[in-house]
Structure formats: C-alpha cells, structure tokens
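Presented below is the structure to which this report refers.
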Amino acid sequence: MQRPWLAHYPPGIPADIDPGRYRSLVQLLEESFEQFAERPAFVCMGKTLAYADIDAMSRKLGAWLQSRGLPRGARVALMMPNVLQYPVAIAAVLRAGYTVVNVNPLYTAPELQHQLKDSGAEAIVILENFASTLQKVLPETAIRHIVVASMGDLMGGVKGAIVNAVVRHVKKLVPPFSLPGAVGFRRALAQGAARELARPEVGPEDVAFLQYTGGTTGVAKGAVLLHRNLVANVLQCDAWLLTDERPAGKEARHSPHIFVCALPLYHIFGLTVCGLLGLLMDP
C-alpha cells in the first residue's frame, strides 16, 4: 500500500507504532507509576500529586469499588470537572477491571438520566457540586454505589478545608442534595486501604471507556473504546512528540513535557492527549 503522506512527516516521526507492545492501559499506567514514582504527575490549584500518589490512591479506590461486588467489566461513571480526583478515579476503575463512563458534569437531569441508563453504569464518582442533578434521576438508573468528592479533598488539611468552605458557603456552588448511602471520596480511600486490590486479567479486547458523543444531532451515543484502541491512540500521540534528538520507543518517554489541560478530561481530546498521554510520559 502506498503511503504518500509519510513524505511529509517531520524527521524522527516513525511511520508505524506497535500497539501490541502493551496488553492494556493498565500495563502502561503501572509501568509509569513504577518508573516515575517520585516525579510530579498532576498539578491543580497549587497542589501536586506524584505518580506514587496516583498509584497508591487508585489502588485504594479500586479496592473499594471491588468490595462493592461489582462484576468484571462493570461500568463506573465519572462526573467531575478537572480536579485531582479525576486521574485517580480513571486509574482506579481501569485497574479494578471495570469500564470508565465519562459524564459531562454540566448535563441536565434528562441528559444524565439518558447516559446512565444507556451505559448501564452501576457506580458513580461525582463532585458534590453536581450531586443534586444525580439525586433527581437516581431512581431511574442502575446506580447502586456513589462516591461523592469535594473540591478540596486532595488539597491537604487546611487548604482543602478552606477551598471546600469557599465553594460551599461563599460561592454557594453546591446545591443541597440527599444521596442516602453515598460515601465521601476520602472515606472510600480509607476503607479501600484495608483491602487488597485484586488484579483481574485485562486484555486488549476489553472495553476501557464508553465515551459519549456531544449529542448535537440527537441524544449522546456511547462509543466503545477498547484498551487496544486507547493504547494505539496514546502511542500515536507520543510518536508525534518525537524529535531528531529523541529516540523511538520507551526511551522517548524520558524527555520532559508539561501538558496544560485546558480541555475537560471527560472530553476525548482532553482525556487522551492531555490526560492519559501526560500521565504516561515522564514529565
């Protein structure tokens, strides 16, 4: 097959990638956690989480989800803006052997109801700012397990308390809600810390994400993204960050990069290019 576009590739860009090099996103994530443990992974509102932090917290949250009795491949919805809990939750869901369902936190109640019912999500991690929307539709969904995060959860003691107080009482960004049985994000981590994360076999054909479209021509539709699809996408993006000075393959991930995640992580570009790629490359 002729590939004339290759003639326009900048020097150092490989013509092909090998998505079979990794069986799953889990393998990629855990390789990064091990290699870059002490280096910063995410910075938000002046708070930095290292790769080791994401590793430890995602183990705890993943173990908590498994303790709820969710079957392998269960759909877990994430309804948050770009906060530090987001990458922790993504890693937790994938490592526990489940499927991530990204949800736009600005959804109206009918939009949220459609996506939760369509995806069959059984659990959700949601920022408290949007919990009142979930309350309105909860009886019409299959959601049985709820983790409620607060803006300041991972900001640290005093700073976290101040952030939560401002969000709740000064800015008044948290409408009243009632979700009986819901567990706070930090409490879920604490409970998960007492358990061991089981290691289900996750392969390239397993579903990693149900990624919903914008719904501009009707209701949002869930695109099925396999681990193989996301591994290929991340490696393709990584390849285009190569230069003449950067070697190909794993060694290429040792050059410093900083990603400004201006797009929301529930958006596919923000997720793959800013979120996953940023996490999988040495910063």
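Please note that chains go A, B, ... in the order of the structure tokens, that every chain numbers its residues from 1, and that ligands are numbered from 1 in the order shown.
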I need the residues of range 32-271 of chain A that end up classed as strand (DSSP E) by DSSP on the backbone, written out as an MDAnalysis selection string. chainID A and resid 40:44 47:50 75:79 99:102 123:127 145:149 183:184 207:212 222:226
Can you write just those residues out, N, CA and C atoms, as a tab-separated table (two decimals), in the first residue's frame?
```
chain	number	residue	atom	x	y	z
A	40	PRO	N	6.37	14.56	39.66
A	40	PRO	CA	5.01	15.11	39.66
A	40	PRO	C	4.20	14.59	38.47
A	41	ALA	N	2.96	14.22	38.74
A	41	ALA	CA	2.07	13.73	37.69
A	41	ALA	C	1.03	14.78	37.33
A	42	PHE	N	0.37	15.36	38.33
A	42	PHE	CA	-0.67	16.35	38.09
A	42	PHE	C	-0.52	17.50	39.08
A	43	VAL	N	-0.78	18.71	38.61
A	43	VAL	CA	-0.79	19.90	39.46
A	43	VAL	C	-2.12	20.60	39.25
A	44	CYS	N	-2.81	20.89	40.36
A	44	CYS	CA	-4.11	21.55	40.28
A	44	CYS	C	-4.26	22.49	41.47
A	47	LYS	N	-1.61	22.36	44.15
A	47	LYS	CA	-1.35	21.07	44.79
A	47	LYS	C	-0.83	20.08	43.77
A	48	THR	N	0.25	19.38	44.11
A	48	THR	CA	0.88	18.43	43.20
A	48	THR	C	0.69	17.01	43.71
A	49	LEU	N	0.30	16.12	42.81
A	49	LEU	CA	0.28	14.69	43.09
A	49	LEU	C	1.38	14.02	42.29
A	50	ALA	N	2.21	13.24	42.95
A	50	ALA	CA	3.25	12.47	42.27
A	50	ALA	C	2.65	11.20	41.69
A	75	ARG	N	-19.66	-0.92	34.51
A	75	ARG	CA	-19.48	0.47	34.08
A	75	ARG	C	-19.51	1.39	35.30
A	76	VAL	N	-18.50	2.22	35.42
A	76	VAL	CA	-18.39	3.19	36.52
A	76	VAL	C	-18.34	4.58	35.92
A	77	ALA	N	-19.32	5.41	36.26
A	77	ALA	CA	-19.41	6.76	35.72
A	77	ALA	C	-18.55	7.73	36.53
A	78	LEU	N	-17.94	8.68	35.84
A	78	LEU	CA	-17.17	9.74	36.47
A	78	LEU	C	-17.78	11.06	36.05
A	79	MET	N	-18.29	11.83	37.02
A	79	MET	CA	-18.97	13.10	36.71
A	79	MET	C	-18.28	14.22	37.49
A	99	THR	N	-15.05	-0.51	33.46
A	99	THR	CA	-15.11	0.37	32.29
A	99	THR	C	-15.47	1.78	32.74
A	100	VAL	N	-14.72	2.77	32.27
A	100	VAL	CA	-14.97	4.17	32.61
A	100	VAL	C	-16.06	4.73	31.70
A	101	VAL	N	-17.04	5.41	32.31
A	101	VAL	CA	-18.06	6.14	31.57
A	101	VAL	C	-17.91	7.62	31.94
A	102	ASN	N	-17.29	8.39	31.07
A	102	ASN	CA	-17.11	9.82	31.35
A	102	ASN	C	-18.42	10.56	31.16
A	123	ALA	N	-22.09	2.29	39.27
A	123	ALA	CA	-21.43	3.10	40.29
A	123	ALA	C	-21.05	4.44	39.67
A	124	ILE	N	-20.87	5.45	40.52
A	124	ILE	CA	-20.51	6.76	40.02
A	124	ILE	C	-19.62	7.47	41.03
A	125	VAL	N	-18.63	8.18	40.52
A	125	VAL	CA	-17.83	9.11	41.33
A	125	VAL	C	-18.19	10.50	40.84
A	126	ILE	N	-18.71	11.34	41.73
A	126	ILE	CA	-19.28	12.62	41.32
A	126	ILE	C	-18.83	13.73	42.27
A	127	LEU	N	-18.54	14.89	41.71
A	127	LEU	CA	-18.23	16.05	42.54
A	127	LEU	C	-19.52	16.56	43.16
A	145	HIS	N	-23.92	2.40	43.80
A	145	HIS	CA	-22.79	2.81	44.64
A	145	HIS	C	-22.36	4.21	44.22
A	146	ILE	N	-22.26	5.12	45.18
A	146	ILE	CA	-21.97	6.52	44.90
A	146	ILE	C	-20.81	6.99	45.76
A	147	VAL	N	-19.82	7.59	45.13
A	147	VAL	CA	-18.72	8.25	45.82
A	147	VAL	C	-18.83	9.74	45.53
A	148	VAL	N	-18.96	10.53	46.57
A	148	VAL	CA	-19.11	11.98	46.42
A	148	VAL	C	-17.79	12.66	46.78
A	149	ALA	N	-17.20	13.35	45.81
A	149	ALA	CA	-15.95	14.07	46.01
A	149	ALA	C	-16.23	15.54	46.29
A	183	VAL	N	-20.86	7.60	49.78
A	183	VAL	CA	-19.63	7.61	50.57
A	183	VAL	C	-18.74	8.74	50.07
A	184	GLY	N	-18.13	9.48	50.99
A	184	GLY	CA	-17.21	10.53	50.61
A	184	GLY	C	-15.95	9.95	49.97
A	207	VAL	N	-13.18	-3.61	27.15
A	207	VAL	CA	-13.66	-2.23	26.99
A	207	VAL	C	-13.06	-1.36	28.09
A	208	ALA	N	-12.35	-0.32	27.68
A	208	ALA	CA	-11.75	0.61	28.64
A	208	ALA	C	-12.69	1.77	28.96
A	209	PHE	N	-13.30	2.35	27.90
A	209	PHE	CA	-14.17	3.52	28.06
A	209	PHE	C	-15.44	3.36	27.23
A	210	LEU	N	-16.54	3.84	27.77
A	210	LEU	CA	-17.71	4.17	26.97
A	210	LEU	C	-17.71	5.69	26.89
A	211	GLN	N	-17.29	6.21	25.75
A	211	GLN	CA	-17.09	7.64	25.59
A	211	GLN	C	-18.25	8.22	24.80
A	212	TYR	N	-19.04	9.08	25.43
A	212	TYR	CA	-20.26	9.57	24.81
A	212	TYR	C	-20.01	10.80	23.94
A	222	GLY	N	-22.85	6.35	22.99
A	222	GLY	CA	-21.63	5.82	23.58
A	222	GLY	C	-20.74	5.12	22.58
A	223	ALA	N	-19.52	5.61	22.40
A	223	ALA	CA	-18.53	4.95	21.55
A	223	ALA	C	-17.74	3.97	22.39
A	224	VAL	N	-17.65	2.73	21.93
A	224	VAL	CA	-16.93	1.69	22.66
A	224	VAL	C	-15.44	1.78	22.33
A	225	LEU	N	-14.64	2.06	23.33
A	225	LEU	CA	-13.19	2.18	23.15
A	225	LEU	C	-12.50	1.06	23.92
A	226	LEU	N	-11.82	0.19	23.18
A	226	LEU	CA	-11.11	-0.92	23.80
A	226	LEU	C	-9.76	-0.46	24.34
```
Which residues in range 105-238 of chain A does DSSP call alpha helix (DSSP H)? List them as a PyMOL selection string. chain A and resi 109-119+131-137+157-165+185-193+227-238
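Here CA of Ser67 in chain A and CA of Gln191 in chain A stand 9.4 Å from one another.
Among the candidates A:Ile268, A:Cys274, A:Met45, A:Ala56, the one nearest to Gly214 in chain A when counting only C-alpha atoms is A:Ile268.
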Please, which residues in range 175-241 of chain A fall within 8 Å of range 13-17 of chain A when counting only C-alpha atoms, and what is the closest atom pair and distance in Å to one decimal for each, ordered by chain then residue number, as a Markdown table?
```
| residue | atom | partner | partner_atom | distance |
| --- | --- | --- | --- | --- |
| A:Ala232 | CA | A:Ile17 | CA | 7.5 |
| A:Leu235 | CA | A:Ile17 | CA | 6.8 |
| A:Gln236 | CA | A:Ile17 | CA | 6.8 |
| A:Ala239 | CA | A:Ile13 | CA | 6.1 |
| A:Trp240 | CA | A:Ile13 | CA | 6.1 |
```
Between A:Pro87, A:Gly192, A:Pro204, A:Pro139, single out the one closest to Trp64 in chain A, counting only C-alpha atoms. A:Gly192
If you take only C-alpha atoms and a cut-off of 10 Å, which residues of range 36-98 of chain A touch range 193-199 of chain A, and what are their nearest atom pairs and distances in Å to one decimal, in chain and number order, as JSON lines?
```
{"residue": "A:Ala56", "atom": "CA", "partner": "A:Ala193", "partner_atom": "CA", "distance": 8.9}
{"residue": "A:Met57", "atom": "CA", "partner": "A:Ala193", "partner_atom": "CA", "distance": 8.5}
{"residue": "A:Ser58", "atom": "CA", "partner": "A:Leu197", "partner_atom": "CA", "distance": 9.4}
{"residue": "A:Arg59", "atom": "CA", "partner": "A:Leu197", "partner_atom": "CA", "distance": 5.9}
{"residue": "A:Lys60", "atom": "CA", "partner": "A:Ala193", "partner_atom": "CA", "distance": 5.0}
{"residue": "A:Leu61", "atom": "CA", "partner": "A:Ala193", "partner_atom": "CA", "distance": 8.0}
{"residue": "A:Gly62", "atom": "CA", "partner": "A:Leu197", "partner_atom": "CA", "distance": 6.4}
{"residue": "A:Ala63", "atom": "CA", "partner": "A:Leu197", "partner_atom": "CA", "distance": 4.5}
{"residue": "A:Trp64", "atom": "CA", "partner": "A:Arg195", "partner_atom": "CA", "distance": 7.4}
{"residue": "A:Leu65", "atom": "CA", "partner": "A:Leu197", "partner_atom": "CA", "distance": 9.4}
{"residue": "A:Gln66", "atom": "CA", "partner": "A:Leu197", "partner_atom": "CA", "distance": 7.6}
{"residue": "A:Ser67", "atom": "CA", "partner": "A:Arg195", "partner_atom": "CA", "distance": 8.1}
{"residue": "A:Ala92", "atom": "CA", "partner": "A:Leu197", "partner_atom": "CA", "distance": 9.5}
{"residue": "A:Arg95", "atom": "CA", "partner": "A:Arg199", "partner_atom": "CA", "distance": 7.3}
{"residue": "A:Ala96", "atom": "CA", "partner": "A:Arg199", "partner_atom": "CA", "distance": 6.9}
{"residue": "A:Gly97", "atom": "CA", "partner": "A:Arg199", "partner_atom": "CA", "distance": 7.8}
```
Atoms kept (N, CA and C atoms) for selection, written as a PDB file, in the first residue's frame:
```pdb
ATOM      1  N   ALA A  56      -0.948   4.903  44.652  1.00  0.00           N
ATOM      2  CA  ALA A  56      -1.470   4.469  45.950  1.00  0.00           C
ATOM      3  C   ALA A  56      -2.971   4.722  46.075  1.00  0.00           C
ATOM      4  N   MET A  57      -3.406   5.914  45.695  1.00  0.00           N
ATOM      5  CA  MET A  57      -4.824   6.238  45.856  1.00  0.00           C
ATOM      6  C   MET A  57      -5.712   5.449  44.901  1.00  0.00           C
ATOM      7  N   SER A  58      -5.232   5.200  43.685  1.00  0.00           N
ATOM      8  CA  SER A  58      -6.051   4.432  42.743  1.00  0.00           C
ATOM      9  C   SER A  58      -6.163   2.975  43.200  1.00  0.00           C
ATOM     10  N   ARG A  59      -5.119   2.450  43.840  1.00  0.00           N
ATOM     11  CA  ARG A  59      -5.216   1.103  44.416  1.00  0.00           C
ATOM     12  C   ARG A  59      -6.326   1.056  45.466  1.00  0.00           C
ATOM     13  N   LYS A  60      -6.359   2.064  46.326  1.00  0.00           N
ATOM     14  CA  LYS A  60      -7.356   2.091  47.398  1.00  0.00           C
ATOM     15  C   LYS A  60      -8.772   2.235  46.845  1.00  0.00           C
ATOM     16  N   LEU A  61      -8.946   3.163  45.913  1.00  0.00           N
ATOM     17  CA  LEU A  61     -10.274   3.368  45.357  1.00  0.00           C
ATOM     18  C   LEU A  61     -10.706   2.157  44.533  1.00  0.00           C
ATOM     19  N   GLY A  62      -9.780   1.571  43.795  1.00  0.00           N
ATOM     20  CA  GLY A  62     -10.099   0.365  43.034  1.00  0.00           C
ATOM     21  C   GLY A  62     -10.517  -0.776  43.943  1.00  0.00           C
ATOM     22  N   ALA A  63      -9.807  -0.934  45.064  1.00  0.00           N
ATOM     23  CA  ALA A  63     -10.159  -1.984  46.027  1.00  0.00           C
ATOM     24  C   ALA A  63     -11.529  -1.721  46.633  1.00  0.00           C
ATOM     25  N   TRP A  64     -11.841  -0.438  46.895  1.00  0.00           N
ATOM     26  CA  TRP A  64     -13.171  -0.105  47.433  1.00  0.00           C
ATOM     27  C   TRP A  64     -14.257  -0.481  46.429  1.00  0.00           C
ATOM     28  N   LEU A  65     -14.057  -0.153  45.164  1.00  0.00           N
ATOM     29  CA  LEU A  65     -15.043  -0.499  44.142  1.00  0.00           C
ATOM     30  C   LEU A  65     -15.232  -2.011  44.061  1.00  0.00           C
ATOM     31  N   GLN A  66     -14.134  -2.754  44.109  1.00  0.00           N
ATOM     32  CA  GLN A  66     -14.241  -4.206  44.072  1.00  0.00           C
ATOM     33  C   GLN A  66     -14.991  -4.747  45.280  1.00  0.00           C
ATOM     34  N   SER A  67     -14.838  -4.085  46.426  1.00  0.00           N
ATOM     35  CA  SER A  67     -15.520  -4.547  47.641  1.00  0.00           C
ATOM     36  C   SER A  67     -17.029  -4.376  47.560  1.00  0.00           C
ATOM     37  N   ALA A  92      -8.151   3.985  38.976  1.00  0.00           N
ATOM     38  CA  ALA A  92      -8.803   3.017  39.872  1.00  0.00           C
ATOM     39  C   ALA A  92      -9.766   2.125  39.113  1.00  0.00           C
ATOM     40  N   ARG A  95      -7.796  -0.244  36.691  1.00  0.00           N
ATOM     41  CA  ARG A  95      -7.003  -1.254  37.398  1.00  0.00           C
ATOM     42  C   ARG A  95      -7.889  -2.291  38.071  1.00  0.00           C
ATOM     43  N   ALA A  96      -9.103  -1.892  38.422  1.00  0.00           N
ATOM     44  CA  ALA A  96     -10.027  -2.827  39.067  1.00  0.00           C
ATOM     45  C   ALA A  96     -10.733  -3.728  38.057  1.00  0.00           C
ATOM     46  N   GLY A  97     -10.512  -3.467  36.758  1.00  0.00           N
ATOM     47  CA  GLY A  97     -11.107  -4.299  35.731  1.00  0.00           C
ATOM     48  C   GLY A  97     -12.458  -3.836  35.247  1.00  0.00           C
TER      49      GLY A  97
END
```
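Of the listed residues (A:Arg68, A:Glu128, A:Thr133, A:Asn104), A:Glu128 comes nearest to Leu173 in chain A; the distances count only C-alpha atoms.
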Mind pulling up the distance from CA of Ala165 in chain A to CA of Gly152 in chain A? 8.9 Å
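Proximity of A:Val26, A:Leu271, A:Ala220, A:Val174 to Pro110 in chain A, computed with only C-alpha atoms, is greatest for A:Ala220.
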So that I can see what lies close to Phe36 in chain A, please list as a VMD selection string the residues with an atom at most 8 Å from it, counting only C-alpha atoms and leaving out residues fewer than 3 positions away in the same chain. chain A and resid 32 to 33 39 51 to 52 282
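Candidate residues A:Leu263, A:Leu241, A:Val93, A:Leu112 were compared for distance to Lys136 in chain A, and the nearest is A:Leu112, using only C-alpha atoms.
Using only C-alpha atoms, the shortest contact distance between Leu279 in chain A and any of A:Leu28, A:Ala188, A:Val170, A:Leu6 is found at A:Leu28.
Relative to CA of Glu201 in chain A, CA of Asp238 in chain A is found at 25.5 Å.
Close contacts of Glu205 in chain A, defined as residues with an atom at most 9 Å away when counting only C-alpha atoms, with chain neighbours fewer than 3 positions off set aside, comprise Arg23, Ser24, Val202, Ala208, Leu226, His227, Arg228 and Asn229 of chain A.
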Kindly export the residues of the current selection with N, CA and C atoms, as a short mmCIF file (atom, residue, chain, number, x, y, z; two decimals), in the first residue's frame.
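Result went into selection_39.cif, see below:
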```
data_model
loop_
_atom_site.label_atom_id
_atom_site.label_comp_id
_atom_site.auth_asym_id
_atom_site.auth_seq_id
_atom_site.Cartn_x
_atom_site.Cartn_y
_atom_site.Cartn_z
N ARG A 23 -0.47 -4.80 26.59
CA ARG A 23 -1.75 -5.52 26.56
C ARG A 23 -2.92 -4.62 26.91
N SER A 24 -2.66 -3.57 27.69
CA SER A 24 -3.77 -2.73 28.16
C SER A 24 -3.24 -1.40 28.65
N VAL A 202 -6.64 -7.99 32.34
CA VAL A 202 -7.23 -7.02 31.42
C VAL A 202 -6.45 -7.09 30.12
N ALA A 208 -12.35 -0.32 27.68
CA ALA A 208 -11.75 0.61 28.64
C ALA A 208 -12.69 1.77 28.96
N LEU A 226 -11.82 0.19 23.18
CA LEU A 226 -11.11 -0.92 23.80
C LEU A 226 -9.76 -0.46 24.34
N HIS A 227 -9.19 -1.25 25.21
CA HIS A 227 -7.84 -0.94 25.70
C HIS A 227 -6.88 -0.83 24.52
N ARG A 228 -7.03 -1.72 23.52
CA ARG A 228 -6.17 -1.66 22.34
C ARG A 228 -6.29 -0.32 21.63
N ASN A 229 -7.52 0.18 21.50
CA ASN A 229 -7.75 1.47 20.83
C ASN A 229 -7.02 2.60 21.54
#
```
